[in-house]
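Chemist: Input start_36.pdb, format and content: PDB, C-alpha atoms, pLDDT in the B column.
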ATOM      1  CA  MET A 486     -34.115   7.660 -57.493  1.00 37.00           C
ATOM      2  CA  ALA A 487     -33.949  11.417 -56.926  1.00 39.00           C
ATOM      3  CA  GLY A 488     -30.634  12.727 -55.798  1.00 41.00           C
ATOM      4  CA  GLU A 489     -29.854  14.429 -52.541  1.00 44.00           C
ATOM      5  CA  GLY A 490     -31.559  17.793 -52.191  1.00 44.00           C
ATOM      6  CA  ASP A 491     -34.436  17.129 -54.596  1.00 42.00           C
ATOM      7  CA  VAL A 492     -36.447  14.472 -52.776  1.00 58.00           C
ATOM      8  CA  ASN A 493     -38.911  16.919 -51.196  1.00 86.00           C
ATOM      9  CA  HIS A 494     -40.436  18.431 -54.328  1.00 94.00           C
ATOM     10  CA  PRO A 495     -44.099  17.620 -55.095  1.00 95.00           C
ATOM     11  CA  TYR A 496     -43.772  17.342 -58.863  1.00 97.00           C
ATOM     12  CA  ILE A 497     -44.275  14.563 -61.383  1.00 95.00           C
ATOM     13  CA  PRO A 498     -42.304  12.539 -62.333  1.00 93.00           C
ATOM     14  CA  ARG A 499     -41.090  11.823 -58.824  1.00 92.00           C
ATOM     15  CA  ASP A 500     -37.536  11.216 -60.031  1.00 92.00           C
ATOM     16  CA  LEU A 501     -37.319  14.733 -61.503  1.00 94.00           C
ATOM     17  CA  LYS A 502     -34.029  16.176 -60.292  1.00 93.00           C
ATOM     18  CA  LEU A 503     -34.305  19.637 -58.749  1.00 95.00           C
ATOM     19  CA  PRO A 504     -31.158  20.225 -56.696  1.00 94.00           C
ATOM     20  CA  GLY A 505     -31.610  23.054 -54.245  1.00 94.00           C
ATOM     21  CA  PHE A 506     -35.406  23.056 -54.495  1.00 96.00           C
ATOM     22  CA  VAL A 507     -37.135  25.288 -51.927  1.00 96.00           C
ATOM     23  CA  PRO A 508     -40.865  24.684 -51.282  1.00 95.00           C
ATOM     24  CA  GLY A 509     -43.274  27.555 -51.916  1.00 94.00           C
ATOM     25  CA  PHE A 510     -43.991  30.046 -49.161  1.00 96.00           C
ATOM     26  CA  LEU A 511     -47.369  31.357 -50.308  1.00 96.00           C
ATOM     27  CA  SER A 512     -50.636  29.419 -50.336  1.00 96.00           C
ATOM     28  CA  GLN A 513     -52.525  28.687 -53.531  1.00 96.00           C
ATOM     29  CA  SER A 514     -55.336  31.058 -52.513  1.00 97.00           C
ATOM     30  CA  THR A 515     -52.838  33.879 -51.922  1.00 97.00           C
ATOM     31  CA  ILE A 516     -51.107  33.378 -55.264  1.00 97.00           C
ATOM     32  CA  VAL A 517     -54.331  33.132 -57.255  1.00 97.00           C
ATOM     33  CA  GLY A 518     -55.906  35.960 -55.247  1.00 97.00           C
ATOM     34  CA  TYR A 519     -53.051  38.387 -55.939  1.00 97.00           C
ATOM     35  CA  TYR A 520     -53.107  37.514 -59.626  1.00 97.00           C
ATOM     36  CA  GLY A 521     -56.872  37.968 -59.771  1.00 97.00           C
ATOM     37  CA  ILE A 522     -56.774  41.334 -57.998  1.00 98.00           C
ATOM     38  CA  ALA A 523     -53.894  42.629 -60.134  1.00 97.00           C
ATOM     39  CA  SER A 524     -55.665  41.498 -63.304  1.00 97.00           C
ATOM     40  CA  LEU A 525     -58.917  43.140 -62.214  1.00 98.00           C
ATOM     41  CA  LEU A 526     -57.123  46.424 -61.521  1.00 98.00           C
ATOM     42  CA  VAL A 527     -55.405  46.380 -64.921  1.00 98.00           C
ATOM     43  CA  VAL A 528     -58.606  45.545 -66.780  1.00 98.00           C
ATOM     44  CA  SER A 529     -60.609  48.134 -64.810  1.00 98.00           C
ATOM     45  CA  PHE A 530     -57.990  50.806 -65.524  1.00 97.00           C
ATOM     46  CA  MET A 531     -58.068  50.057 -69.236  1.00 97.00           C
ATOM     47  CA  TRP A 532     -61.866  49.970 -69.341  1.00 97.00           C
ATOM     48  CA  ILE A 533     -62.037  53.413 -67.721  1.00 96.00           C
ATOM     49  CA  LEU A 534     -59.224  54.813 -69.864  1.00 96.00           C
ATOM     50  CA  SER A 535     -60.754  53.474 -73.082  1.00 95.00           C
ATOM     51  CA  GLY A 536     -63.920  55.410 -72.304  1.00 93.00           C
ATOM     52  CA  PHE A 537     -62.068  58.659 -72.957  1.00 93.00           C
ATOM     53  CA  PHE A 538     -61.359  57.743 -76.581  1.00 90.00           C
ATOM     54  CA  ARG A 539     -63.977  58.912 -79.036  1.00 85.00           C
ATOM     55  CA  LYS A 540     -65.946  56.519 -81.214  1.00 87.00           C
ATOM     56  CA  ILE A 541     -64.527  53.381 -79.579  1.00 92.00           C
ATOM     57  CA  THR A 542     -67.126  50.605 -79.522  1.00 95.00           C
ATOM     58  CA  LYS A 543     -67.733  48.435 -76.479  1.00 96.00           C
ATOM     59  CA  VAL A 544     -66.261  45.463 -78.329  1.00 97.00           C
ATOM     60  CA  ASP A 545     -63.058  47.391 -79.001  1.00 97.00           C
ATOM     61  CA  ARG A 546     -62.920  48.495 -75.370  1.00 97.00           C
ATOM     62  CA  ILE A 547     -63.215  44.870 -74.273  1.00 97.00           C
ATOM     63  CA  LEU A 548     -60.465  43.932 -76.719  1.00 98.00           C
ATOM     64  CA  MET A 549     -58.236  46.667 -75.317  1.00 98.00           C
ATOM     65  CA  CYS A 550     -58.776  45.170 -71.858  1.00 98.00           C
ATOM     66  CA  TRP A 551     -57.894  41.710 -73.174  1.00 98.00           C
ATOM     67  CA  TRP A 552     -54.772  42.870 -74.958  1.00 98.00           C
ATOM     68  CA  ILE A 553     -53.346  44.765 -72.017  1.00 98.00           C
ATOM     69  CA  PHE A 554     -54.123  41.867 -69.670  1.00 98.00           C
ATOM     70  CA  THR A 555     -52.592  39.226 -71.904  1.00 98.00           C
ATOM     71  CA  GLY A 556     -49.668  41.480 -72.879  1.00 98.00           C
ATOM     72  CA  LEU A 557     -48.637  42.150 -69.296  1.00 98.00           C
ATOM     73  CA  THR A 558     -49.132  38.475 -68.433  1.00 98.00           C
ATOM     74  CA  HIS A 559     -46.815  37.493 -71.277  1.00 98.00           C
ATOM     75  CA  MET A 560     -44.159  40.069 -70.442  1.00 98.00           C
ATOM     76  CA  ILE A 561     -44.148  39.910 -66.637  1.00 97.00           C
ATOM     77  CA  LEU A 562     -45.130  36.373 -65.659  1.00 97.00           C
ATOM     78  CA  GLU A 563     -43.820  34.461 -68.648  1.00 98.00           C
ATOM     79  CA  GLY A 564     -40.860  36.784 -69.045  1.00 98.00           C
ATOM     80  CA  TYR A 565     -39.801  36.054 -65.479  1.00 98.00           C
ATOM     81  CA  PHE A 566     -40.034  32.314 -66.099  1.00 98.00           C
ATOM     82  CA  VAL A 567     -37.898  32.465 -69.240  1.00 97.00           C
ATOM     83  CA  PHE A 568     -35.133  34.537 -67.686  1.00 97.00           C
ATOM     84  CA  SER A 569     -35.160  32.959 -64.203  1.00 96.00           C
ATOM     85  CA  PRO A 570     -34.116  29.333 -64.755  1.00 95.00           C
ATOM     86  CA  GLU A 571     -33.579  28.645 -61.059  1.00 95.00           C
ATOM     87  CA  PHE A 572     -36.808  30.149 -59.713  1.00 97.00           C
ATOM     88  CA  TYR A 573     -37.458  26.918 -57.776  1.00 96.00           C
ATOM     89  CA  LYS A 574     -34.416  27.704 -55.589  1.00 96.00           C
ATOM     90  CA  GLU A 575     -35.801  31.071 -54.467  1.00 95.00           C
ATOM     91  CA  LYS A 576     -35.464  31.200 -50.663  1.00 94.00           C
ATOM     92  CA  THR A 577     -37.726  34.194 -50.097  1.00 92.00           C
ATOM     93  CA  PRO A 578     -41.436  34.605 -50.913  1.00 93.00           C
ATOM     94  CA  HIS A 579     -40.795  36.231 -54.298  1.00 95.00           C
ATOM     95  CA  TYR A 580     -44.249  36.379 -55.852  1.00 97.00           C
ATOM     96  CA  LEU A 581     -43.265  35.534 -59.433  1.00 97.00           C
ATOM     97  CA  ALA A 582     -41.193  32.568 -58.291  1.00 97.00           C
ATOM     98  CA  GLU A 583     -44.130  31.438 -56.166  1.00 97.00           C
ATOM     99  CA  VAL A 584     -46.418  31.586 -59.205  1.00 98.00           C
ATOM    100  CA  TRP A 585     -44.237  29.169 -61.148  1.00 98.00           C
ATOM    101  CA  LYS A 586     -43.633  26.851 -58.219  1.00 97.00           C
ATOM    102  CA  GLU A 587     -47.394  26.617 -57.912  1.00 98.00           C
ATOM    103  CA  TYR A 588     -48.191  26.392 -61.634  1.00 98.00           C
ATOM    104  CA  SER A 589     -45.611  23.629 -62.059  1.00 98.00           C
ATOM    105  CA  LYS A 590     -47.911  21.401 -60.020  1.00 97.00           C
ATOM    106  CA  GLY A 591     -50.110  21.372 -63.105  1.00 97.00           C
ATOM    107  CA  ASP A 592     -47.209  21.058 -65.544  1.00 98.00           C
ATOM    108  CA  SER A 593     -43.813  20.094 -64.139  1.00 97.00           C
ATOM    109  CA  ARG A 594     -42.161  20.824 -67.475  1.00 98.00           C
ATOM    110  CA  TYR A 595     -41.857  24.394 -66.208  1.00 98.00           C
ATOM    111  CA  VAL A 596     -39.865  23.594 -63.110  1.00 97.00           C
ATOM    112  CA  GLY A 597     -37.955  20.979 -65.120  1.00 96.00           C
ATOM    113  CA  ARG A 598     -37.037  23.611 -67.771  1.00 96.00           C
ATOM    114  CA  ASP A 599     -38.376  21.650 -70.731  1.00 96.00           C
ATOM    115  CA  SER A 600     -36.907  23.040 -73.964  1.00 96.00           C
ATOM    116  CA  ALA A 601     -40.255  23.144 -75.802  1.00 95.00           C
ATOM    117  CA  VAL A 602     -41.881  25.123 -73.009  1.00 97.00           C
ATOM    118  CA  ILE A 603     -38.958  27.545 -72.748  1.00 97.00           C
ATOM    119  CA  SER A 604     -39.047  28.134 -76.520  1.00 96.00           C
ATOM    120  CA  VAL A 605     -42.791  28.802 -76.600  1.00 97.00           C
ATOM    121  CA  GLU A 606     -42.739  31.045 -73.539  1.00 97.00           C
ATOM    122  CA  GLY A 607     -39.645  32.905 -74.750  1.00 97.00           C
ATOM    123  CA  ILE A 608     -41.229  33.838 -78.068  1.00 97.00           C
ATOM    124  CA  THR A 609     -44.465  34.725 -76.307  1.00 97.00           C
ATOM    125  CA  ALA A 610     -42.811  36.972 -73.726  1.00 97.00           C
ATOM    126  CA  VAL A 611     -40.367  38.750 -76.036  1.00 97.00           C
ATOM    127  CA  LEU A 612     -42.463  39.154 -79.198  1.00 97.00           C
ATOM    128  CA  GLU A 613     -46.147  38.670 -78.447  1.00 98.00           C
ATOM    129  CA  GLY A 614     -46.146  40.564 -75.146  1.00 98.00           C
ATOM    130  CA  PRO A 615     -45.058  43.926 -76.614  1.00 98.00           C
ATOM    131  CA  ALA A 616     -47.216  43.268 -79.693  1.00 98.00           C
ATOM    132  CA  CYS A 617     -50.268  42.988 -77.426  1.00 98.00           C
ATOM    133  CA  LEU A 618     -49.564  46.454 -76.010  1.00 98.00           C
ATOM    134  CA  LEU A 619     -49.145  47.750 -79.544  1.00 98.00           C
ATOM    135  CA  ALA A 620     -52.590  46.300 -80.298  1.00 98.00           C
ATOM    136  CA  VAL A 621     -54.052  48.398 -77.463  1.00 98.00           C
ATOM    137  CA  TYR A 622     -52.558  51.512 -79.066  1.00 97.00           C
ATOM    138  CA  ALA A 623     -53.689  50.465 -82.548  1.00 97.00           C
ATOM    139  CA  ILE A 624     -57.291  49.994 -81.439  1.00 97.00           C
ATOM    140  CA  ALA A 625     -57.355  53.242 -79.455  1.00 96.00           C
ATOM    141  CA  THR A 626     -55.991  55.286 -82.343  1.00 95.00           C
ATOM    142  CA  LYS A 627     -57.814  53.340 -85.066  1.00 94.00           C
ATOM    143  CA  LYS A 628     -54.658  52.430 -86.960  1.00 95.00           C
ATOM    144  CA  SER A 629     -55.129  50.742 -90.323  1.00 92.00           C
ATOM    145  CA  TYR A 630     -53.020  47.771 -89.228  1.00 96.00           C
ATOM    146  CA  SER A 631     -55.121  47.045 -86.130  1.00 97.00           C
ATOM    147  CA  TYR A 632     -56.976  43.998 -87.477  1.00 97.00           C
ATOM    148  CA  ILE A 633     -53.920  42.527 -89.165  1.00 97.00           C
ATOM    149  CA  LEU A 634     -51.899  42.943 -85.960  1.00 98.00           C
ATOM    150  CA  GLN A 635     -54.598  41.350 -83.808  1.00 98.00           C
ATOM    151  CA  THR A 636     -54.856  38.448 -86.248  1.00 98.00           C
ATOM    152  CA  ALA A 637     -51.093  37.901 -86.225  1.00 98.00           C
ATOM    153  CA  ILE A 638     -50.869  37.926 -82.425  1.00 98.00           C
ATOM    154  CA  SER A 639     -53.865  35.637 -82.026  1.00 98.00           C
ATOM    155  CA  LEU A 640     -52.490  33.155 -84.547  1.00 98.00           C
ATOM    156  CA  GLY A 641     -49.183  33.242 -82.677  1.00 97.00           C
ATOM    157  CA  GLN A 642     -50.969  32.523 -79.408  1.00 98.00           C
ATOM    158  CA  LEU A 643     -52.920  29.678 -80.990  1.00 98.00           C
ATOM    159  CA  TYR A 644     -49.757  28.207 -82.510  1.00 97.00           C
ATOM    160  CA  GLY A 645     -47.906  28.461 -79.208  1.00 97.00           C
ATOM    161  CA  THR A 646     -50.765  26.842 -77.315  1.00 97.00           C
ATOM    162  CA  ALA A 647     -50.970  24.045 -79.899  1.00 97.00           C
ATOM    163  CA  VAL A 648     -47.248  23.345 -79.542  1.00 97.00           C
ATOM    164  CA  TYR A 649     -47.640  23.454 -75.763  1.00 97.00           C
ATOM    165  CA  PHE A 650     -50.407  20.838 -75.718  1.00 98.00           C
ATOM    166  CA  ILE A 651     -49.067  18.643 -78.513  1.00 97.00           C
ATOM    167  CA  THR A 652     -45.570  18.330 -77.045  1.00 97.00           C
ATOM    168  CA  ALA A 653     -47.104  17.355 -73.698  1.00 97.00           C
ATOM    169  CA  LEU A 654     -49.155  14.633 -75.390  1.00 97.00           C
ATOM    170  CA  LEU A 655     -46.134  13.334 -77.295  1.00 97.00           C
ATOM    171  CA  ASP A 656     -44.164  13.140 -74.046  1.00 95.00           C
ATOM    172  CA  GLY A 657     -46.845  11.184 -72.222  1.00 95.00           C
ATOM    173  CA  ASP A 658     -49.082  13.928 -70.814  1.00 96.00           C
ATOM    174  CA  ASN A 659     -48.121  13.026 -67.256  1.00 95.00           C
ATOM    175  CA  PHE A 660     -46.792  16.210 -65.686  1.00 97.00           C
ATOM    176  CA  ALA A 661     -49.507  17.135 -63.169  1.00 97.00           C
ATOM    177  CA  VAL A 662     -49.538  16.306 -59.467  1.00 96.00           C
ATOM    178  CA  ASN A 663     -53.191  15.261 -59.644  1.00 96.00           C
ATOM    179  CA  GLU A 664     -56.375  15.796 -61.681  1.00 97.00           C
ATOM    180  CA  PHE A 665     -57.265  19.025 -59.883  1.00 97.00           C
ATOM    181  CA  TYR A 666     -54.050  20.725 -60.980  1.00 97.00           C
ATOM    182  CA  TYR A 667     -54.254  19.133 -64.411  1.00 98.00           C
ATOM    183  CA  TYR A 668     -57.688  20.523 -65.202  1.00 98.00           C
ATOM    184  CA  SER A 669     -57.485  23.834 -63.324  1.00 97.00           C
ATOM    185  CA  TYR A 670     -53.989  24.888 -64.423  1.00 97.00           C
ATOM    186  CA  TYR A 671     -53.027  22.913 -67.507  1.00 97.00           C
ATOM    187  CA  VAL A 672     -56.445  22.754 -69.204  1.00 97.00           C
ATOM    188  CA  PHE A 673     -58.597  25.602 -67.868  1.00 97.00           C
ATOM    189  CA  ALA A 674     -55.976  28.332 -67.508  1.00 96.00           C
ATOM    190  CA  ASN A 675     -54.551  27.690 -70.968  1.00 97.00           C
ATOM    191  CA  GLY A 676     -57.944  27.153 -72.566  1.00 96.00           C
ATOM    192  CA  TRP A 677     -58.593  30.900 -72.552  1.00 96.00           C
ATOM    193  CA  TRP A 678     -55.679  31.326 -74.956  1.00 97.00           C
ATOM    194  CA  VAL A 679     -57.470  28.996 -77.357  1.00 97.00           C
ATOM    195  CA  LEU A 680     -60.991  30.359 -77.037  1.00 98.00           C
ATOM    196  CA  ILE A 681     -60.410  34.115 -77.078  1.00 98.00           C
ATOM    197  CA  PRO A 682     -57.736  34.241 -79.827  1.00 98.00           C
ATOM    198  CA  SER A 683     -59.998  32.046 -81.984  1.00 98.00           C
ATOM    199  CA  ILE A 684     -62.867  34.498 -81.571  1.00 98.00           C
ATOM    200  CA  ILE A 685     -60.576  37.426 -82.372  1.00 98.00           C
ATOM    201  CA  VAL A 686     -59.234  35.748 -85.522  1.00 98.00           C
ATOM    202  CA  VAL A 687     -62.769  35.150 -86.809  1.00 98.00           C
ATOM    203  CA  ARG A 688     -63.792  38.739 -86.055  1.00 97.00           C
ATOM    204  CA  CYS A 689     -60.698  40.237 -87.686  1.00 97.00           C
ATOM    205  CA  TRP A 690     -61.084  37.951 -90.704  1.00 96.00           C
ATOM    206  CA  LYS A 691     -64.608  39.265 -91.233  1.00 95.00           C
ATOM    207  CA  LYS A 692     -63.493  42.883 -90.803  1.00 93.00           C
ATOM    208  CA  ILE A 693     -60.606  42.521 -93.254  1.00 93.00           C
ATOM    209  CA  CYS A 694     -62.803  40.729 -95.807  1.00 93.00           C
ATOM    210  CA  ALA A 695     -65.487  43.404 -95.480  1.00 90.00           C
ATOM    211  CA  ALA A 696     -62.909  46.152 -95.995  1.00 85.00           C
ATOM    212  CA  CYS A 697     -61.488  44.444 -99.083  1.00 85.00           C
ATOM    213  CA  HIS A 698     -64.990  43.890-100.464  1.00 78.00           C
ATOM    214  CA  GLY A 699     -65.771  47.572 -99.909  1.00 77.00           C
ATOM    215  CA  GLN A 700     -62.663  48.566-101.825  1.00 75.00           C
ATOM    216  CA  GLU A 701     -63.631  46.309-104.716  1.00 72.00           C
ATOM    217  CA  LEU A 702     -67.109  47.859-104.844  1.00 74.00           C
ATOM    218  CA  LYS A 703     -65.578  51.342-104.942  1.00 73.00           C
ATOM    219  CA  LYS A 704     -63.336  50.349-107.821  1.00 71.00           C
ATOM    220  CA  THR A 705     -66.314  48.879-109.657  1.00 73.00           C
ATOM    221  CA  LYS A 706     -68.400  52.038-109.225  1.00 71.00           C
ATOM    222  CA  THR A 707     -65.602  54.396-110.212  1.00 69.00           C
ATOM    223  CA  GLY A 708     -64.183  52.180-112.980  1.00 59.00           C
TER     224      GLY A 708
END
Can you dump the structure from the file as structure tokens?

Modeler:
Amino acid sequence: MAGEGDVNHPYIPRDLKLPGFVPGFLSQSTIVGYYGIASLLVVSFMWILSGFFRKITKVDRILMCWWIFTGLTHMILEGYFVFSPEFYKEKTPHYLAEVWKEYSKGDSRYVGRDSAVISVEGITAVLEGPACLLAVYAIATKKSYSYILQTAISLGQLYGTAVYFITALLDGDNFAVNEFYYYSYYVFANGWWVLIPSIIVVRCWKKICAACHGQELKKTKTG
């Protein structure tokens, strides 16, 4: 049975102990709406800004939008989670705490401070977040390491997502309040970090291979 002070939480398993738990203040529509609006503003800003750089293709501009979006998500949202272990006790409508109270309905390992989740999110927030912003700079300035950097970040995201899903399966895959939260938060929201990084890895692989092949042809012609 749950102890005193943690019987009112909505999470699974029901006997999860969360002493001092304070229910969320903001509605789901408000939380998702704010995140959507903020994301749209960030992406729109980057799309407009990228238009001022010369000889930047539309694909690269889209990638710059992706990298700044995912970088800020890693650093701000996931960073807050990692360094705020008692977010579920927040007694005021602090938006970032509200995000994780809400998201935990799809995966209670977050509110329960599961070690695997903390490890994955910590690495993502501290290393991959800043690296994503570096990728924006690398694309904009056409740095030689751009494709290698994007590949490394994407592989890191894919690895982190794999660990995230696999550890949930090994632990029973029963951390969502209901199917709606399971599929909308746990599956759908995280699925983008499988699909898009996979596409980026394939694209960068082709670019790197083409560049290496071009170098070999040059050596052959000048040899």

Chemist: Show me a table, sorted first by chain and then by increasing residue number, of the residues of segment 504-595 of chain A having an atom at most 9 Å from segment 625-630 of chain A, each with its shortest atom pair and the distance in Å to one decimal, counting all atoms listed in the file and written as a tab-separated table.

Modeler:
residue	atom	partner	partner_atom	distance
A:Ser535	CA	A:Ala625	CA	7.2
A:Phe538	CA	A:Ala625	CA	6.7
A:Arg539	CA	A:Ala625	CA	8.7
A:Ile541	CA	A:Ala625	CA	7.2
A:Asp545	CA	A:Ala625	CA	8.2
A:Arg546	CA	A:Ala625	CA	8.4
A:Met549	CA	A:Ala625	CA	7.8

Chemist: List the neighbours of Leu612 of chain A out to 10 Å using only C-alpha atoms; skip same-chain residues closer than 3 positions along the sequence, and give me the result as a list in words.

Modeler: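 Surrounding residues, per the criterion: Gly556, His559, Met560, Glu606, Gly607, Ile608, Thr609, Pro615, Ala616, Cys617, Ile638 and Gly641 of chain A.
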
Chemist: Expressed in Å to a single decimal, how great is the separation between atom CA of Lys576 of chain A and atom CA of Tyr668 of chain A?

Modeler: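 Between these atoms lies a distance of 28.6 Å.
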
Chemist: Apply the PyMOL selection byres ((chain A and resi 653-659) around 12) to the file shown and report the selected residues as a VMD selection string.

Modeler: chain A and resid 496 to 499 590 to 595 599 to 602 646 to 652 660 to 664 666 to 667 671 to 672

Chemist: Expressed in Å to a single decimal, how great is the separation between atom CA of Phe673 of chain A and atom CA of Tyr622 of chain A?

Modeler: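 Rounded to one decimal, the two atoms are 28.9 Å apart.
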
Chemist: Counting only C-alpha atoms, which residues of segment 573-635 of chain A sit at most 12 Å from some atom of segment 518-521 of chain A, and what is each one's closest atom pair with its distance in Å to one decimal, listed by chain and rising residue number, as JSON lines?

Modeler:
{"residue": "A:Tyr580", "atom": "CA", "partner": "A:Tyr519", "partner_atom": "CA", "distance": 9.0}
{"residue": "A:Leu581", "atom": "CA", "partner": "A:Tyr520", "partner_atom": "CA", "distance": 10.0}
{"residue": "A:Glu583", "atom": "CA", "partner": "A:Tyr519", "partner_atom": "CA", "distance": 11.3}
{"residue": "A:Val584", "atom": "CA", "partner": "A:Tyr520", "partner_atom": "CA", "distance": 8.9}

Chemist: So how far away is atom CA of Phe665 of chain A from atom CA of Val567 of chain A, in Å?

Modeler: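 That distance, rounded to one decimal, is 25.4 Å.
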
Chemist: Contacts of Pro578 of chain A at 9 Å or less, counting only C-alpha atoms, minus same-chain residues fewer than 3 places along, as a ChimeraX atom specification?

Modeler: /A:509-511,575,581-583

Chemist: Expand the PyMOL selection byres ((chain A and resi 691-696) around 12) into the explicit residue set it covers here, and present it as a list in words.

Modeler: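 Against this file, the PyMOL selection byres ((chain A and resi 691-696) around 12) returns the residues Ser629, Tyr630, Ser631, Tyr632, Ile633, Leu634, Gln635, Thr636, Ile684, Ile685, Val686, Val687, Arg688, Cys689, Trp690, Cys697, His698, Gly699, Gln700, Glu701, Leu702 and Lys703 of chain A.
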
Chemist: For those residues, write C-alpha atoms to a file as a PDB file, in the coordinates of the input.

Modeler:
ATOM      1  CA  SER A 629     -55.129  50.742 -90.323  1.00 92.00           C
ATOM      2  CA  TYR A 630     -53.020  47.771 -89.228  1.00 96.00           C
ATOM      3  CA  SER A 631     -55.121  47.045 -86.130  1.00 97.00           C
ATOM      4  CA  TYR A 632     -56.976  43.998 -87.477  1.00 97.00           C
ATOM      5  CA  ILE A 633     -53.920  42.527 -89.165  1.00 97.00           C
ATOM      6  CA  LEU A 634     -51.899  42.943 -85.960  1.00 98.00           C
ATOM      7  CA  GLN A 635     -54.598  41.350 -83.808  1.00 98.00           C
ATOM      8  CA  THR A 636     -54.856  38.448 -86.248  1.00 98.00           C
ATOM      9  CA  ILE A 684     -62.867  34.498 -81.571  1.00 98.00           C
ATOM     10  CA  ILE A 685     -60.576  37.426 -82.372  1.00 98.00           C
ATOM     11  CA  VAL A 686     -59.234  35.748 -85.522  1.00 98.00           C
ATOM     12  CA  VAL A 687     -62.769  35.150 -86.809  1.00 98.00           C
ATOM     13  CA  ARG A 688     -63.792  38.739 -86.055  1.00 97.00           C
ATOM     14  CA  CYS A 689     -60.698  40.237 -87.686  1.00 97.00           C
ATOM     15  CA  TRP A 690     -61.084  37.951 -90.704  1.00 96.00           C
ATOM     16  CA  CYS A 697     -61.488  44.444 -99.083  1.00 85.00           C
ATOM     17  CA  HIS A 698     -64.990  43.890-100.464  1.00 78.00           C
ATOM     18  CA  GLY A 699     -65.771  47.572 -99.909  1.00 77.00           C
ATOM     19  CA  GLN A 700     -62.663  48.566-101.825  1.00 75.00           C
ATOM     20  CA  GLU A 701     -63.631  46.309-104.716  1.00 72.00           C
ATOM     21  CA  LEU A 702     -67.109  47.859-104.844  1.00 74.00           C
ATOM     22  CA  LYS A 703     -65.578  51.342-104.942  1.00 73.00           C
TER      23      LYS A 703
END

Chemist: Which polymer residues, protein or nucleic acid, are no farther than 12 Å from (-57.4, 38.5, -64.9), counting all atoms listed in the file, as a ChimeraX atom specification?

Modeler: /A:517-529,550-558,674,677

Chemist: Between A:Trp585, A:Tyr644, A:Trp532, A:Tyr670, which one has atoms that come closest to Tyr565 of chain A, using only C-alpha atoms?

Modeler: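 Closest candidate: A:Trp585.
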
Chemist: Please, what is the axis-aligned box for every listed atom of segment 558-575 of chain A with 4 Å on each side, as centre and edge lengths in Å to one decimal, as AutoDock Vina command-line options?

Modeler:
--center_x -41.4 --center_y 33.5 --center_z -62.9 --size_x 23.6 --size_y 21.2 --size_z 24.8

Chemist: Using all atoms listed in the file, which residue out of A:Ala637, A:Gly505, A:Lys586, A:Ile516 lies closest to Pro682 of chain A?

Modeler: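 That would be A:Ala637, the residue with the smallest distance to Pro682 of chain A.
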
Chemist: Using only C-alpha atoms, which of the listed residues (A:Gly645, A:Gly597, A:Ile624, A:Gly614) sits closest to Thr542 of chain A?

Modeler: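 When distances to Thr542 of chain A are compared using only C-alpha atoms, the smallest one comes from A:Ile624.
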
Chemist: Would you kindly return, as a short mmCIF file (atom, residue, chain, number, x, y, z; two decimals) with C-alpha atoms, in the coordinates of the input, each protein, DNA or RNA residue with an atom no farther than 9 Å from any atom of His494 of chain A, considering only C-alpha atoms and excluding same-chain residues fewer than 4 positions away?

Modeler:
data_model
loop_
_atom_site.label_atom_id
_atom_site.label_comp_id
_atom_site.auth_asym_id
_atom_site.auth_seq_id
_atom_site.Cartn_x
_atom_site.Cartn_y
_atom_site.Cartn_z
CA ARG A 499 -41.09 11.82 -58.82
CA LEU A 501 -37.32 14.73 -61.50
CA LEU A 503 -34.30 19.64 -58.75
CA PHE A 506 -35.41 23.06 -54.50
CA VAL A 507 -37.14 25.29 -51.93
CA PRO A 508 -40.86 24.68 -51.28
#
